[in-house]
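> The following block contains the structure, expressed as structure tokens.
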Amino acid sequence: MAKDAKKRIEQLRNEIRRHDYLYYALNQPQISDRQYDKLFAELKALEQANPELVTPDSPTQRVSGRPLEGFAAVRHTIPMLSMDNTYSADELRAFDERIRKQLGGEDYDYVVELKFDGLAVSLRYENGRLVTAATRGDGEVGDDVTANVRTIKAVPLALLDGGGIPGILEVRGEVYMPTKSFIELNKQRSQTGEPVFANPRNAAAGSLKLLDARITAARNLSFFAYAAGEVSEPLAQTHYETLQNFKQFGLPVNPHNAKAGDIEQVIDICFSWSEKRLTLDYKTDGMVIKINRFDQRDALGATGRAPRWCISYKFAAERAQTTIESIDVQVGKSGILTPVANLTPVLLAGTTVKRASLHNFDELARLDARCGDTVLIEKAGEIIPQVVEVEKELRPAGAVPFKVPAKCPNCGSAVAKDKEGVYIRCVNPDCLGQLKERLRYFAGRDQMDIENLGPALIEQLVESGLVKNFADLYKLQKSDLMTLERMGEKSADNVIAAIEKSKARPLWRLVAALGIRHIGGQSADILAEHFGSLDALMAADVEALQTVEQIGPKIAESVYEYFRNPANRAVIEGLLTAGVRPEQPKKVRRAGQLAGKTIVVTGTLEKFTRPQIEQAIKQAGGKPASSVSKKTDFVLAGKEPGSKLDRARQLGVKVIDEKQFQEIIKG
Ligand code: IVH
């Protein structure tokens with residue numbers, strides 16, 4: 001039986017790896033998402049039934065357990081250099097001239113690639129298994145981001161073994177965030193009051209440098225391989241062949257890489273992408289031109305900073321000139337006031353831009369943008385229009401600096417500057433502008449998901465006084481709605497039905513919908529799962545909240561304060577009375593070999609990384625903990641154990657080694 005399971009598990013893993021490759025690397029899925037999910041579910045179930053067969057490279061093991069305390073340093077055996085830039089065809093020709101001279105009349109060719117706007121990482125595969133992933137850092141030493149990179153589905157945990165994989169293979173490439181995910185992430189962040197990322201590169205870097213890989217997993221990063229680092233046996237004589245090899249190993253290689261026989265062809269290819277790049281679903285800010293043959297690369301060598309055999313060609317960021325017609329101040333759901341420039345409509349990188357956020361009043365003061373000013377706008381990361389420069393010499397006489405509002409533009413109450421000093425907020429809890437934004441968020445697709453309750457209807461409901469808080473939504477009768485302008489009978493029925501339907505949304509949606517500061521869908525989900533009921537969550541003190549994995553002091557404080565506020569409690573009471581019944585779906589727990597046991601790990605293990613061992617403990621039903629107490633059942637000690645081992649001995653807690661641990665989980 002176990003033998004059959006083992007065989008089937010291997011089969012499933014290989015199948016899944018192949019489909020991951022078809023989907024993430026080739027963009028050519030052969031099966032539906034449903035069929036894929038079925039394979040995945042079968043593998044998961046088999047692994048759960050046979051935990052001893054779980055290996056770190058299984059497709060089920062991408063996301064690890066607990067947050068790290070910091071990143072370890074990784075020294076690159078071959079440094080990760082940077083690249084010189086060019087901005088014109090003539091500069092490219094000059095680069096080619098230098099190459100021609102140094103190669104002394106030899107023939108040579110180039111490979112032209114897109115320059116991905118993310119961050120460089122080095123993946124180390126040993127015997128086909130991903131063992132380390134490191135950032136570039138300063139080129140010599142980077143951060144160990146293995147746990148985070150493992151969550152990127154485009155990165156194979158095990159290479160497809162069709163033969164020819166070197167024992168040691170370092171793959172270098174770019175981790176990036178697809179445009180769609182970037183937009184979605186910023187949308188979520190602005191809804192939860194977190195600062196937005198200026199461009200996909202910052203978003204990718206920020207997501208890869210998180211100590212908690214589970215958050216990285218939700219960020220939807222991707223990867224393209226573009227070079228080899230250390231290899232135990234040479235792969236090929238040229239770069240182009242290396243990329244072909246990568247593809248065979250299941251690594252994602254960009255499909256637009258092209259060979260070019262001479263520099264004019266290189267220039268044509270570069271120019272051809274200046275517009276076409278806007279149709280890609282990831283961002284590129286230029287092209288990379290590389291000499292193809294490795295022996296020629298060696299002959300060309302490198303300066304201290306960058307190799308002589310490659311260069312980048314940067315596209316000019318598209319800018320447009322327009323004027324600021326007026327500046328609005330918008331009120332967000334937590335009262336933050338944001339200045340927004342209304343522009344004379346102008347075409348920029350494929351869309352007509354009419355408005356641009358000025359972010360906050362500090363930024364507005366820095367730019368000194370005024371009504372009537374001629375400004376240059378650019379799309380941050382090709383996406384979000386922003387004002388980058390004010391043409392002061394074109395300023396009309398009499399243009400006055402924009403005054404930071406002393407009052408909320410919506411309700412007229414006083415405003416206050418945040419402790420952190422960036423945001424200005426309307427502090428009136430009854431501000432109707434804020435209320436409208438809060439209701440919009442509450443009804444949003446990622447929260448209570450109330451169809452038909454759009455911004456126009458919310459405007460009417462608030463202005464008419466029918467809705468003063470979330471609970472009022474659930475008290476609405478059809479006859480109330482019929483008093484509103486342009487409301488037909490059928491629409492009123494639909495709205496009532498949609499509101500009714502939302503009463504049964506799971507607890508996490510309600511927690512997310514309340515608009516508690518720093519709480520988004522993910523943290524709401526963690527809290528809901530941990531506390532299991534609204535009552536328990538509301539009763540939790542800061543300490544109890546902080547013991548929840550991934551819930552830091554800022555969130556804990558914010559949740560605690562929210563539920564201590566009598567007005568908030570009254571609204572929740574009202575929601576419950578009106579029939580909202582948030583329930584947390586129950587998760588079935590299975591008993592494992594470590595069911596109910598608390599285990600502390602210390603020192604370095606041979607077969608597991610920290611996240612992997614924690615995952616393994618959990619999989620067997622145990623609870624990984626970080627400090628040793630009398631309640632600890634085992635201390636698992638690896639090489640160079642720390643003071644935790646001493647403490648275990650003092651307390652008489654049982655100490656086991658890695659081998660014993662493996663025996664235990666085998667059952
Ligand atoms: S090859 C010697 N290829 O650009 C440099 N780099 O400015 C070898 N990058 O740190 C790197 N797309 O993050 C290479 N197709 C591509 C690239 C690329 C983006 C980035 C990479 C590197 C930076 C250098």
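Scheme for the structure tokens: letters A, B, ... for chains in order shown; per-chain residue numbers from 1; ligand numbers from 1 in order shown.
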Between chain A and ligand 1, at 6 Å or less, what are the per-residue closest atom pairs and their distances in Å? Count only C-alpha atoms and all ligand atoms, order by chain and rising residue number, and return it as JSON lines.

```
{"residue": "A:Leu81", "atom": "CA", "partner": "ligand 1", "partner_atom_place_in_ligand_line": "2 (C)", "distance": 4.6}
{"residue": "A:Ser82", "atom": "CA", "partner": "ligand 1", "partner_atom_place_in_ligand_line": "24 (C)", "distance": 4.2}
{"residue": "A:Met83", "atom": "CA", "partner": "ligand 1", "partner_atom_place_in_ligand_line": "7 (O)", "distance": 4.3}
{"residue": "A:Glu113", "atom": "CA", "partner": "ligand 1", "partner_atom_place_in_ligand_line": "15 (N)", "distance": 5.0}
{"residue": "A:Leu114", "atom": "CA", "partner": "ligand 1", "partner_atom_place_in_ligand_line": "15 (N)", "distance": 5.3}
{"residue": "A:Lys115", "atom": "CA", "partner": "ligand 1", "partner_atom_place_in_ligand_line": "12 (N)", "distance": 3.4}
{"residue": "A:Phe116", "atom": "CA", "partner": "ligand 1", "partner_atom_place_in_ligand_line": "12 (N)", "distance": 4.1}
{"residue": "A:Asp117", "atom": "CA", "partner": "ligand 1", "partner_atom_place_in_ligand_line": "19 (C)", "distance": 5.9}
{"residue": "A:Leu119", "atom": "CA", "partner": "ligand 1", "partner_atom_place_in_ligand_line": "13 (O)", "distance": 4.8}
{"residue": "A:Ala120", "atom": "CA", "partner": "ligand 1", "partner_atom_place_in_ligand_line": "13 (O)", "distance": 3.8}
{"residue": "A:Glu174", "atom": "CA", "partner": "ligand 1", "partner_atom_place_in_ligand_line": "13 (O)", "distance": 5.7}
{"residue": "A:Tyr226", "atom": "CA", "partner": "ligand 1", "partner_atom_place_in_ligand_line": "3 (N)", "distance": 5.2}
{"residue": "A:Val288", "atom": "CA", "partner": "ligand 1", "partner_atom_place_in_ligand_line": "15 (N)", "distance": 5.5}
{"residue": "A:Ala306", "atom": "CA", "partner": "ligand 1", "partner_atom_place_in_ligand_line": "2 (C)", "distance": 5.9}
{"residue": "A:Pro307", "atom": "CA", "partner": "ligand 1", "partner_atom_place_in_ligand_line": "2 (C)", "distance": 5.6}
```
> For Arg129 in chain A, list every protein, DNA or RNA residue within 7 Å, evaluated using only C-alpha atoms, and leave out those in the same chain fewer than 5 positions away; present the list as a ChimeraX atom specification.
/A:57,157-159
> Which residues, written as a ChimeraX atom specification, have at least one atom at most 12 Å from range 594-603 of chain A, with only C-alpha atoms counted and residues fewer than 3 positions away on the same chain left out?
/A:51,589-591,606,608-648,653-658,661-667
> Restricting the calculation to only C-alpha atoms: of A:Ala299, A:Val112, A:Asn202, A:Lys7, which residue gets closest to His256 in chain A?
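When distances to His256 in chain A are compared using only C-alpha atoms, the smallest one comes from A:Val112.
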> Looking only at strand (DSSP E or B) from DSSP on the backbone, list the matching residues of range 122-254 of chain A as a compact mmCIF listing (two decimals) with all heavy atoms, in the first residue's frame.

```
# COMPACT_ATOMS: atom_id res chain seq x y z
N SER A 122 19.42 34.84 -7.49
CA SER A 122 20.21 33.71 -7.92
C SER A 122 19.63 32.46 -7.26
O SER A 122 19.49 32.42 -6.04
CB SER A 122 21.66 33.93 -7.48
OG SER A 122 22.47 32.90 -7.97
N LEU A 123 19.26 31.49 -8.08
CA LEU A 123 18.65 30.26 -7.55
C LEU A 123 19.69 29.15 -7.63
O LEU A 123 20.25 28.92 -8.70
CB LEU A 123 17.44 29.84 -8.39
CG LEU A 123 16.41 30.92 -8.73
CD1 LEU A 123 15.30 30.31 -9.59
CD2 LEU A 123 15.83 31.50 -7.45
N ARG A 124 19.92 28.49 -6.54
CA ARG A 124 20.91 27.42 -6.57
C ARG A 124 20.20 26.07 -6.54
O ARG A 124 19.45 25.76 -5.61
CB ARG A 124 21.85 27.55 -5.37
CG ARG A 124 23.04 26.63 -5.46
CD ARG A 124 23.95 26.84 -4.26
NE ARG A 124 25.02 25.87 -4.22
CZ ARG A 124 26.20 26.03 -4.81
NH1 ARG A 124 26.46 27.14 -5.46
NH2 ARG A 124 27.12 25.09 -4.73
N TYR A 125 20.40 25.29 -7.62
CA TYR A 125 19.85 23.94 -7.67
C TYR A 125 20.98 22.95 -7.43
O TYR A 125 22.04 23.07 -8.06
CB TYR A 125 19.22 23.67 -9.04
CG TYR A 125 17.90 24.40 -9.24
CD1 TYR A 125 17.88 25.68 -9.78
CD2 TYR A 125 16.69 23.83 -8.88
CE1 TYR A 125 16.69 26.37 -9.95
CE2 TYR A 125 15.50 24.50 -9.04
CZ TYR A 125 15.49 25.77 -9.58
OH TYR A 125 14.31 26.43 -9.73
N GLU A 126 20.76 22.03 -6.52
CA GLU A 126 21.72 20.95 -6.33
C GLU A 126 21.00 19.65 -6.63
O GLU A 126 19.93 19.38 -6.08
CB GLU A 126 22.26 20.97 -4.88
CG GLU A 126 23.21 22.15 -4.69
CD GLU A 126 23.76 22.30 -3.27
OE1 GLU A 126 23.47 21.42 -2.42
OE2 GLU A 126 24.44 23.29 -3.03
N ARG A 129 17.39 20.03 -7.32
CA ARG A 129 16.47 20.52 -6.31
C ARG A 129 16.86 21.94 -5.93
O ARG A 129 18.05 22.22 -5.70
CB ARG A 129 16.53 19.67 -5.03
CG ARG A 129 16.23 18.20 -5.26
CD ARG A 129 14.74 18.02 -5.47
NE ARG A 129 14.33 16.64 -5.58
CZ ARG A 129 14.20 15.99 -6.73
NH1 ARG A 129 14.49 16.57 -7.88
NH2 ARG A 129 13.76 14.74 -6.75
N LEU A 130 15.87 22.79 -5.80
CA LEU A 130 16.14 24.16 -5.38
C LEU A 130 16.59 24.16 -3.92
O LEU A 130 15.87 23.71 -3.05
CB LEU A 130 14.88 25.03 -5.51
CG LEU A 130 15.03 26.47 -5.03
CD1 LEU A 130 15.99 27.25 -5.92
CD2 LEU A 130 13.68 27.18 -5.00
N VAL A 131 17.80 24.65 -3.67
CA VAL A 131 18.27 24.66 -2.27
C VAL A 131 18.36 26.07 -1.69
O VAL A 131 18.10 26.26 -0.51
CB VAL A 131 19.61 23.92 -2.07
CG1 VAL A 131 19.45 22.44 -2.25
CG2 VAL A 131 20.69 24.46 -2.99
N THR A 132 18.76 27.04 -2.48
CA THR A 132 18.85 28.41 -1.97
C THR A 132 18.40 29.39 -3.02
O THR A 132 18.63 29.18 -4.22
CB THR A 132 20.31 28.82 -1.65
OG1 THR A 132 21.06 27.69 -1.30
CG2 THR A 132 20.39 29.89 -0.59
N ALA A 133 17.80 30.47 -2.58
CA ALA A 133 17.52 31.59 -3.47
C ALA A 133 18.00 32.84 -2.74
O ALA A 133 17.71 33.02 -1.56
CB ALA A 133 16.03 31.69 -3.76
N ALA A 134 18.79 33.64 -3.45
CA ALA A 134 19.36 34.82 -2.80
C ALA A 134 19.15 36.05 -3.66
O ALA A 134 19.13 35.96 -4.89
CB ALA A 134 20.85 34.61 -2.57
N THR A 135 19.00 37.18 -3.02
CA THR A 135 18.91 38.43 -3.78
C THR A 135 20.31 38.85 -4.22
O THR A 135 21.30 38.32 -3.73
CB THR A 135 18.35 39.58 -2.92
OG1 THR A 135 19.24 39.79 -1.81
CG2 THR A 135 16.96 39.26 -2.40
N VAL A 141 27.35 39.81 -1.77
CA VAL A 141 26.59 39.12 -0.72
C VAL A 141 25.13 39.57 -0.80
O VAL A 141 24.86 40.78 -0.87
CB VAL A 141 27.14 39.48 0.68
CG1 VAL A 141 26.31 38.81 1.77
CG2 VAL A 141 28.59 39.07 0.81
N GLY A 142 24.21 38.61 -0.83
CA GLY A 142 22.79 38.95 -0.87
C GLY A 142 22.06 38.34 0.31
O GLY A 142 22.68 37.74 1.19
N ASP A 143 20.74 38.49 0.32
CA ASP A 143 19.92 37.92 1.39
C ASP A 143 19.37 36.57 0.98
O ASP A 143 18.98 36.38 -0.18
CB ASP A 143 18.71 38.84 1.65
CG ASP A 143 19.09 40.08 2.42
OD1 ASP A 143 20.05 40.00 3.21
OD2 ASP A 143 18.43 41.11 2.23
N ASP A 144 19.28 35.68 1.94
CA ASP A 144 18.69 34.37 1.68
C ASP A 144 17.16 34.51 1.70
O ASP A 144 16.57 34.68 2.76
CB ASP A 144 19.15 33.40 2.77
CG ASP A 144 18.64 31.99 2.53
OD1 ASP A 144 17.62 31.83 1.82
OD2 ASP A 144 19.25 31.05 3.04
N ALA A 158 11.77 21.54 -8.22
CA ALA A 158 12.60 20.47 -8.75
C ALA A 158 12.63 20.65 -10.26
O ALA A 158 11.59 20.91 -10.86
CB ALA A 158 12.01 19.12 -8.40
N ILE A 168 25.46 20.98 -9.76
CA ILE A 168 25.24 22.32 -9.21
C ILE A 168 24.87 23.24 -10.36
O ILE A 168 25.58 23.29 -11.37
CB ILE A 168 26.50 22.86 -8.52
CG1 ILE A 168 26.80 22.00 -7.29
CG2 ILE A 168 26.33 24.33 -8.13
CD1 ILE A 168 28.11 22.34 -6.63
N LEU A 169 23.75 23.89 -10.22
CA LEU A 169 23.33 24.82 -11.27
C LEU A 169 22.75 26.07 -10.61
O LEU A 169 21.75 26.00 -9.90
CB LEU A 169 22.26 24.18 -12.16
CG LEU A 169 21.58 25.11 -13.17
CD1 LEU A 169 22.57 25.66 -14.18
CD2 LEU A 169 20.45 24.38 -13.91
N GLU A 170 23.43 27.17 -10.82
CA GLU A 170 22.90 28.43 -10.32
C GLU A 170 22.22 29.14 -11.47
O GLU A 170 22.82 29.35 -12.53
CB GLU A 170 24.04 29.30 -9.81
CG GLU A 170 24.07 29.40 -8.32
CD GLU A 170 25.25 30.22 -7.84
OE1 GLU A 170 25.58 31.23 -8.50
OE2 GLU A 170 25.84 29.82 -6.84
N VAL A 171 20.97 29.46 -11.25
CA VAL A 171 20.18 30.12 -12.29
C VAL A 171 19.93 31.54 -11.85
O VAL A 171 19.43 31.77 -10.75
CB VAL A 171 18.84 29.40 -12.48
CG1 VAL A 171 17.98 30.11 -13.52
CG2 VAL A 171 19.07 27.95 -12.86
N ARG A 172 20.29 32.46 -12.70
CA ARG A 172 20.02 33.86 -12.35
C ARG A 172 18.88 34.40 -13.18
O ARG A 172 18.72 34.03 -14.34
CB ARG A 172 21.28 34.67 -12.53
CG ARG A 172 22.21 34.26 -11.41
CD ARG A 172 23.55 34.79 -11.49
NE ARG A 172 24.26 34.36 -10.29
CZ ARG A 172 25.48 34.72 -10.00
NH1 ARG A 172 26.14 35.51 -10.82
NH2 ARG A 172 26.04 34.28 -8.91
N GLY A 173 18.14 35.26 -12.59
CA GLY A 173 17.00 35.80 -13.31
C GLY A 173 16.31 36.86 -12.50
O GLY A 173 16.81 37.30 -11.46
N GLU A 174 15.17 37.26 -12.99
CA GLU A 174 14.46 38.39 -12.40
C GLU A 174 13.14 37.95 -11.79
O GLU A 174 12.35 37.27 -12.45
CB GLU A 174 14.20 39.42 -13.52
CG GLU A 174 13.89 40.79 -13.02
CD GLU A 174 15.14 41.64 -12.81
OE1 GLU A 174 16.27 41.08 -12.82
OE2 GLU A 174 14.99 42.85 -12.63
N VAL A 175 12.93 38.32 -10.54
CA VAL A 175 11.61 38.15 -9.93
C VAL A 175 10.84 39.43 -10.21
O VAL A 175 11.35 40.52 -10.00
CB VAL A 175 11.73 37.93 -8.41
CG1 VAL A 175 10.37 38.06 -7.74
CG2 VAL A 175 12.34 36.57 -8.13
N TYR A 176 9.64 39.30 -10.73
CA TYR A 176 8.87 40.50 -11.06
C TYR A 176 7.41 40.32 -10.67
O TYR A 176 6.97 39.20 -10.41
CB TYR A 176 8.99 40.81 -12.57
CG TYR A 176 8.33 39.76 -13.44
CD1 TYR A 176 7.02 39.93 -13.90
CD2 TYR A 176 9.00 38.59 -13.79
CE1 TYR A 176 6.40 38.97 -14.69
CE2 TYR A 176 8.40 37.63 -14.57
CZ TYR A 176 7.10 37.82 -15.02
OH TYR A 176 6.49 36.86 -15.78
N SER A 222 6.36 36.53 -10.18
CA SER A 222 6.74 35.58 -11.20
C SER A 222 8.24 35.69 -11.46
O SER A 222 8.93 36.48 -10.80
CB SER A 222 5.92 35.78 -12.46
OG SER A 222 6.01 34.61 -13.24
N PHE A 223 8.72 34.94 -12.43
CA PHE A 223 10.17 34.84 -12.60
C PHE A 223 10.54 34.56 -14.05
O PHE A 223 9.85 33.80 -14.72
CB PHE A 223 10.68 33.71 -11.70
CG PHE A 223 12.15 33.42 -11.84
CD1 PHE A 223 13.10 34.26 -11.27
CD2 PHE A 223 12.59 32.30 -12.54
CE1 PHE A 223 14.47 34.00 -11.39
CE2 PHE A 223 13.94 32.02 -12.68
CZ PHE A 223 14.88 32.88 -12.09
N PHE A 224 11.63 35.18 -14.53
CA PHE A 224 12.26 34.79 -15.80
C PHE A 224 13.73 34.49 -15.55
O PHE A 224 14.41 35.29 -14.89
CB PHE A 224 12.18 35.91 -16.83
CG PHE A 224 10.83 36.05 -17.48
CD1 PHE A 224 10.18 37.27 -17.48
CD2 PHE A 224 10.22 34.97 -18.11
CE1 PHE A 224 8.94 37.41 -18.08
CE2 PHE A 224 8.97 35.10 -18.71
CZ PHE A 224 8.34 36.32 -18.70
N ALA A 225 14.20 33.38 -16.10
CA ALA A 225 15.62 33.04 -15.99
C ALA A 225 16.37 33.69 -17.14
O ALA A 225 15.89 33.66 -18.28
CB ALA A 225 15.78 31.52 -16.05
N TYR A 226 17.56 34.29 -16.86
CA TYR A 226 18.29 34.90 -17.97
C TYR A 226 19.80 34.64 -17.97
O TYR A 226 20.51 35.16 -18.81
CB TYR A 226 18.00 36.39 -18.08
CG TYR A 226 18.23 37.23 -16.84
CD1 TYR A 226 19.45 37.26 -16.20
CD2 TYR A 226 17.19 38.00 -16.33
CE1 TYR A 226 19.65 38.04 -15.07
CE2 TYR A 226 17.38 38.79 -15.20
CZ TYR A 226 18.62 38.80 -14.57
OH TYR A 226 18.81 39.57 -13.47
N ALA A 227 20.32 33.91 -17.00
CA ALA A 227 21.76 33.63 -17.02
C ALA A 227 22.08 32.48 -16.08
O ALA A 227 21.31 32.17 -15.17
CB ALA A 227 22.55 34.86 -16.59
N ALA A 228 23.25 31.86 -16.32
CA ALA A 228 23.72 30.84 -15.39
C ALA A 228 24.79 31.47 -14.50
O ALA A 228 25.55 32.32 -14.95
CB ALA A 228 24.30 29.66 -16.14
N GLY A 229 24.81 31.08 -13.23
CA GLY A 229 25.91 31.48 -12.34
C GLY A 229 26.87 30.31 -12.26
O GLY A 229 27.33 29.80 -13.28
N GLU A 230 27.11 29.82 -11.05
CA GLU A 230 28.02 28.68 -10.91
C GLU A 230 27.38 27.41 -11.49
O GLU A 230 26.21 27.14 -11.25
CB GLU A 230 28.31 28.46 -9.41
CG GLU A 230 29.36 27.40 -9.18
CD GLU A 230 29.53 27.06 -7.69
OE1 GLU A 230 29.06 27.84 -6.83
OE2 GLU A 230 30.13 26.02 -7.43
N VAL A 231 28.16 26.66 -12.27
CA VAL A 231 27.67 25.36 -12.75
C VAL A 231 28.78 24.33 -12.56
O VAL A 231 29.96 24.64 -12.78
CB VAL A 231 27.28 25.37 -14.26
CG1 VAL A 231 25.92 25.99 -14.47
CG2 VAL A 231 28.31 26.06 -15.09
N THR A 238 27.25 28.76 -25.70
CA THR A 238 26.67 30.09 -25.94
C THR A 238 25.51 30.35 -24.98
O THR A 238 24.92 29.43 -24.41
CB THR A 238 26.10 30.21 -27.38
OG1 THR A 238 25.01 29.30 -27.50
CG2 THR A 238 27.14 29.93 -28.45
```
> For Ile516 in chain A, which of A:Thr604, A:Thr322, A:Thr192, A:Gln546 is the closest residue, counting only C-alpha atoms?
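Going through A:Thr604, A:Thr322, A:Thr192, A:Gln546 one by one, the smallest distance to Ile516 in chain A is for A:Thr192.
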> List the spatial neighbours of Gln550 in chain A as a list in words - criterion: any atom at most 8 Å away, only C-alpha atoms, same-chain residues fewer than 6 positions off excluded.
Pro67, Asp212 and Ser523 of chain A
> As a ChimeraX atom specification, please: every residue in range 309-544 of chain A that DSSP puts in helix (DSSP H, G or I).
/A:361-367,392-394,432-443,455-463,470-473,478-482,489-502,507-513,521-531,534-539,542-544
> If we count only C-alpha atoms and set the cut-off at 8 Å, which residues sit around Val266 in chain A, ignoring sequence neighbours fewer than 6 positions away in its own chain? Please answer as an MDAnalysis selection string.
chainID A and resid 110 112 260 289
> Write out the residues from the selection above, keeping C-alpha atoms, as a short mmCIF file (atom, residue, chain, number, x, y, z; two decimals), in the first residue's frame.

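Dumped everything to again_27.cif:
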```
data_model
loop_
_atom_site.label_atom_id
_atom_site.label_comp_id
_atom_site.auth_asym_id
_atom_site.auth_seq_id
_atom_site.Cartn_x
_atom_site.Cartn_y
_atom_site.Cartn_z
CA TYR A 110 24.22 39.10 -29.99
CA VAL A 112 18.67 40.72 -27.38
CA ALA A 260 20.84 39.35 -33.78
CA ILE A 289 22.06 43.21 -25.38
#
```
> At what distance in Å, to one decimal, does CA of Ser274 in chain A lie from CA of Glu91 in chain A?
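So the answer is 16.6 Å.
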> For the atom pair CA of Gln28 in chain A and CA of Gln11 in chain A, what is the interatomic distance in Å to one decimal place?
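Distance between the two atoms: 20.8 Å.
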> Any idea what's packed within 12 Å of Gly350 in chain A, counting only C-alpha atoms, ignoring anything in its chain fewer than 5 positions away? Could you give it as a list in words?
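My list of contacting residues is Glu275, Lys276, Arg277, Leu278, Thr279, Glu318, Arg319, Ala320, Lys379, Glu382, Ile383 and Pro385 of chain A.
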> Please list as a PyMOL selection string every residue within 9 Å of range 445-455 of chain A, counting only C-alpha atoms and excluding residues in the same chain fewer than 5 positions away.
chain A and resi 436-437+439-440+460+491+494-495+498-503+505-506+508-514+521
> Which one is closest to Lys3 in chain A: A:Leu46, A:His239, A:Ile519, A:Thr77? Count only C-alpha atoms.
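Of the candidates, the smallest distance to Lys3 in chain A is held by A:Leu46.
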> Check the smallest atom-to-atom distance from each of A:Ile327, A:Asn148, A:Phe95, A:Gln650 to Lys290 in chain A using only C-alpha atoms, then report the winner.
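Once distances to Lys290 in chain A are computed over only C-alpha atoms, the minimum belongs to A:Phe95.
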> Using only C-alpha atoms, find the one residue out of A:Gly128, A:Gly139, A:Gly532, A:Pro156 that sits nearest to Pro582 in chain A.
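Going through A:Gly128, A:Gly139, A:Gly532, A:Pro156 one by one, the smallest distance to Pro582 in chain A is for A:Gly532.
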